[in-house]
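S.K.: query_38.txt is reproduced in full below (compact mmCIF, N, CA and C atoms).
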# COMPACT_ATOMS: atom_id res chain seq x y z
N MET M 16 5.92 -39.47 18.02
CA MET M 16 6.97 -38.62 17.52
C MET M 16 6.71 -38.22 16.07
N GLN M 17 6.18 -39.14 15.28
CA GLN M 17 5.92 -38.82 13.88
C GLN M 17 4.77 -37.83 13.76
N PHE M 18 3.82 -37.90 14.67
CA PHE M 18 2.69 -36.97 14.61
C PHE M 18 3.14 -35.55 14.92
N SER M 19 4.08 -35.39 15.84
CA SER M 19 4.58 -34.05 16.14
C SER M 19 5.38 -33.49 14.96
N PHE M 20 6.07 -34.34 14.21
CA PHE M 20 6.76 -33.89 13.01
C PHE M 20 5.76 -33.42 11.96
N PHE M 21 4.64 -34.13 11.83
CA PHE M 21 3.58 -33.72 10.91
C PHE M 21 3.01 -32.36 11.31
N LEU M 22 2.77 -32.16 12.59
CA LEU M 22 2.27 -30.87 13.06
C LEU M 22 3.28 -29.75 12.81
N PHE M 23 4.54 -30.03 13.07
CA PHE M 23 5.58 -29.03 12.83
C PHE M 23 5.64 -28.64 11.35
N CYS M 24 5.60 -29.62 10.47
CA CYS M 24 5.62 -29.33 9.03
C CYS M 24 4.38 -28.56 8.60
N GLY M 25 3.24 -28.88 9.19
CA GLY M 25 2.01 -28.15 8.88
C GLY M 25 2.09 -26.70 9.31
N TYR M 26 2.59 -26.46 10.51
CA TYR M 26 2.72 -25.08 10.98
C TYR M 26 3.73 -24.28 10.15
N VAL M 27 4.81 -24.92 9.76
CA VAL M 27 5.80 -24.23 8.93
C VAL M 27 5.21 -23.91 7.57
N GLY M 28 4.50 -24.85 6.98
CA GLY M 28 3.88 -24.61 5.68
C GLY M 28 2.85 -23.50 5.73
N ILE M 29 2.04 -23.50 6.76
CA ILE M 29 1.02 -22.45 6.90
C ILE M 29 1.67 -21.10 7.15
N SER M 30 2.71 -21.08 7.97
CA SER M 30 3.35 -19.79 8.25
C SER M 30 4.07 -19.23 7.03
N PHE M 31 4.44 -20.07 6.08
CA PHE M 31 5.01 -19.56 4.83
C PHE M 31 3.94 -19.16 3.83
N LEU M 32 2.86 -19.93 3.76
CA LEU M 32 1.82 -19.66 2.76
C LEU M 32 0.91 -18.49 3.12
N SER M 33 0.65 -18.30 4.39
CA SER M 33 -0.29 -17.25 4.79
C SER M 33 0.15 -15.86 4.36
N PRO M 34 1.38 -15.42 4.60
CA PRO M 34 1.77 -14.09 4.12
C PRO M 34 1.80 -13.97 2.60
N VAL M 35 2.15 -15.06 1.93
CA VAL M 35 2.18 -15.03 0.46
C VAL M 35 0.77 -14.84 -0.09
N MET M 36 -0.18 -15.59 0.43
CA MET M 36 -1.56 -15.47 -0.04
C MET M 36 -2.15 -14.10 0.31
N HIS M 37 -1.80 -13.58 1.48
CA HIS M 37 -2.28 -12.25 1.86
C HIS M 37 -1.71 -11.19 0.92
N ASN M 38 -0.45 -11.30 0.58
CA ASN M 38 0.18 -10.36 -0.34
C ASN M 38 -0.48 -10.42 -1.72
N LEU M 39 -0.72 -11.62 -2.21
CA LEU M 39 -1.34 -11.75 -3.53
C LEU M 39 -2.77 -11.23 -3.53
N TRP M 40 -3.49 -11.43 -2.45
CA TRP M 40 -4.90 -11.06 -2.42
C TRP M 40 -5.08 -9.57 -2.16
N ILE M 41 -4.42 -9.00 -1.17
CA ILE M 41 -4.64 -7.62 -0.77
C ILE M 41 -3.82 -6.64 -1.60
N TRP M 42 -2.53 -6.85 -1.67
CA TRP M 42 -1.66 -5.83 -2.27
C TRP M 42 -1.60 -5.92 -3.78
N ARG M 43 -1.53 -7.10 -4.32
CA ARG M 43 -1.39 -7.22 -5.78
C ARG M 43 -2.73 -7.36 -6.48
N GLY M 44 -3.73 -7.82 -5.78
CA GLY M 44 -5.05 -7.97 -6.37
C GLY M 44 -5.17 -9.11 -7.36
N THR M 45 -4.23 -10.04 -7.34
CA THR M 45 -4.26 -11.15 -8.29
C THR M 45 -4.69 -12.46 -7.65
N GLY M 46 -4.65 -12.53 -6.35
CA GLY M 46 -4.98 -13.77 -5.66
C GLY M 46 -6.47 -13.90 -5.42
N ASN M 47 -6.85 -15.04 -4.93
CA ASN M 47 -8.23 -15.33 -4.62
C ASN M 47 -8.38 -15.37 -3.10
N ALA M 48 -9.45 -14.81 -2.60
CA ALA M 48 -9.67 -14.78 -1.16
C ALA M 48 -9.85 -16.18 -0.58
N ASN M 49 -10.27 -17.13 -1.39
CA ASN M 49 -10.46 -18.49 -0.90
C ASN M 49 -9.15 -19.14 -0.50
N PHE M 50 -8.05 -18.79 -1.15
CA PHE M 50 -6.76 -19.35 -0.78
C PHE M 50 -6.32 -18.84 0.59
N TYR M 51 -6.55 -17.56 0.85
CA TYR M 51 -6.22 -17.01 2.16
C TYR M 51 -7.13 -17.62 3.23
N PHE M 52 -8.39 -17.81 2.89
CA PHE M 52 -9.34 -18.45 3.81
C PHE M 52 -8.92 -19.89 4.08
N ALA M 53 -8.43 -20.58 3.07
CA ALA M 53 -8.00 -21.97 3.25
C ALA M 53 -6.80 -22.07 4.19
N THR M 54 -5.88 -21.11 4.12
CA THR M 54 -4.76 -21.15 5.05
C THR M 54 -5.23 -20.88 6.48
N ALA M 55 -6.22 -20.01 6.63
CA ALA M 55 -6.77 -19.76 7.97
C ALA M 55 -7.50 -21.00 8.49
N MET M 56 -8.22 -21.70 7.62
CA MET M 56 -8.90 -22.92 8.04
C MET M 56 -7.90 -24.03 8.38
N ALA M 57 -6.84 -24.12 7.62
CA ALA M 57 -5.81 -25.13 7.91
C ALA M 57 -5.16 -24.85 9.26
N TYR M 58 -4.90 -23.59 9.54
CA TYR M 58 -4.33 -23.22 10.84
C TYR M 58 -5.30 -23.60 11.97
N ALA M 59 -6.58 -23.35 11.76
CA ALA M 59 -7.58 -23.71 12.77
C ALA M 59 -7.65 -25.22 12.97
N CYS M 60 -7.52 -25.98 11.90
CA CYS M 60 -7.54 -27.44 12.03
C CYS M 60 -6.32 -27.96 12.76
N PHE M 61 -5.17 -27.34 12.54
CA PHE M 61 -3.97 -27.76 13.26
C PHE M 61 -4.05 -27.38 14.74
N GLN M 62 -4.82 -26.38 15.09
CA GLN M 62 -4.98 -26.00 16.49
C GLN M 62 -5.80 -27.03 17.26
N VAL M 63 -6.71 -27.68 16.59
CA VAL M 63 -7.57 -28.67 17.25
C VAL M 63 -6.80 -29.95 17.36
In C-alpha cells, what does this structure look like?

M.R.:
Amino acid sequence: MQFSFFLFCGYVGISFLSPVMHNLWIWRGTGNANFYFATAMAYACFQV
C-alpha cells in the first residue's frame, strides 16, 4: 500500500512539473532542456 502511494505522488509530481518545465524551456526561453528531459526520464522510470 505504501508503494502505491509513492507511485501516486511521483505521477502527480511529474504531471505538475512537466508542463512547467516545457513552458520555461519552449515559450519563455529561460529554462534548460535537461530539466524537461529529466521529467521525461522520471516518467519512464515510474512506468517500469

S.K.: Taking only C-alpha atoms into account, produce a table as CSV in which each residue of region 37-61 of chain M with an atom at most 12 Å from an atom of region 18-27 of chain M appears once, together with its shortest atom pair and the distance in Å to one decimal, ordered by chain and rising number.

M.R.:
residue,atom,partner,partner_atom,distance
M:Thr54,CA,M:Tyr26,CA,10.3
M:Ala55,CA,M:Tyr26,CA,11.3
M:Ala57,CA,M:Gly25,CA,8.4
M:Tyr58,CA,M:Tyr26,CA,7.3
M:Ala59,CA,M:Tyr26,CA,10.5
M:Cys60,CA,M:Gly25,CA,10.1
M:Phe61,CA,M:Leu22,CA,7.0

S.K.: Work out how far apart atom N of Arg43 (chain M) and CA of Phe31 (chain M) are and give it in Å to one decimal.

M.R.: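 One can read the atom N of Arg43 (chain M) to CA of Phe31 (chain M) distance as 16.8 Å.
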
S.K.: In terms of the shortest atom-to-atom distance over only N, CA and C atoms, which of M:Gln17, M:Gln62, M:Thr45, M:Phe50 is closest to Leu32 (chain M)?

M.R.: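 Closest to Leu32 (chain M) of all the choices is M:Phe50.
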
S.K.: Just to confirm, what's the straight-line distance from CA of Asn38 (chain M) to CA of Phe52 (chain M) in Å (one decimal)?

M.R.: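 CA of Asn38 (chain M) sits 13.2 Å away from CA of Phe52 (chain M).
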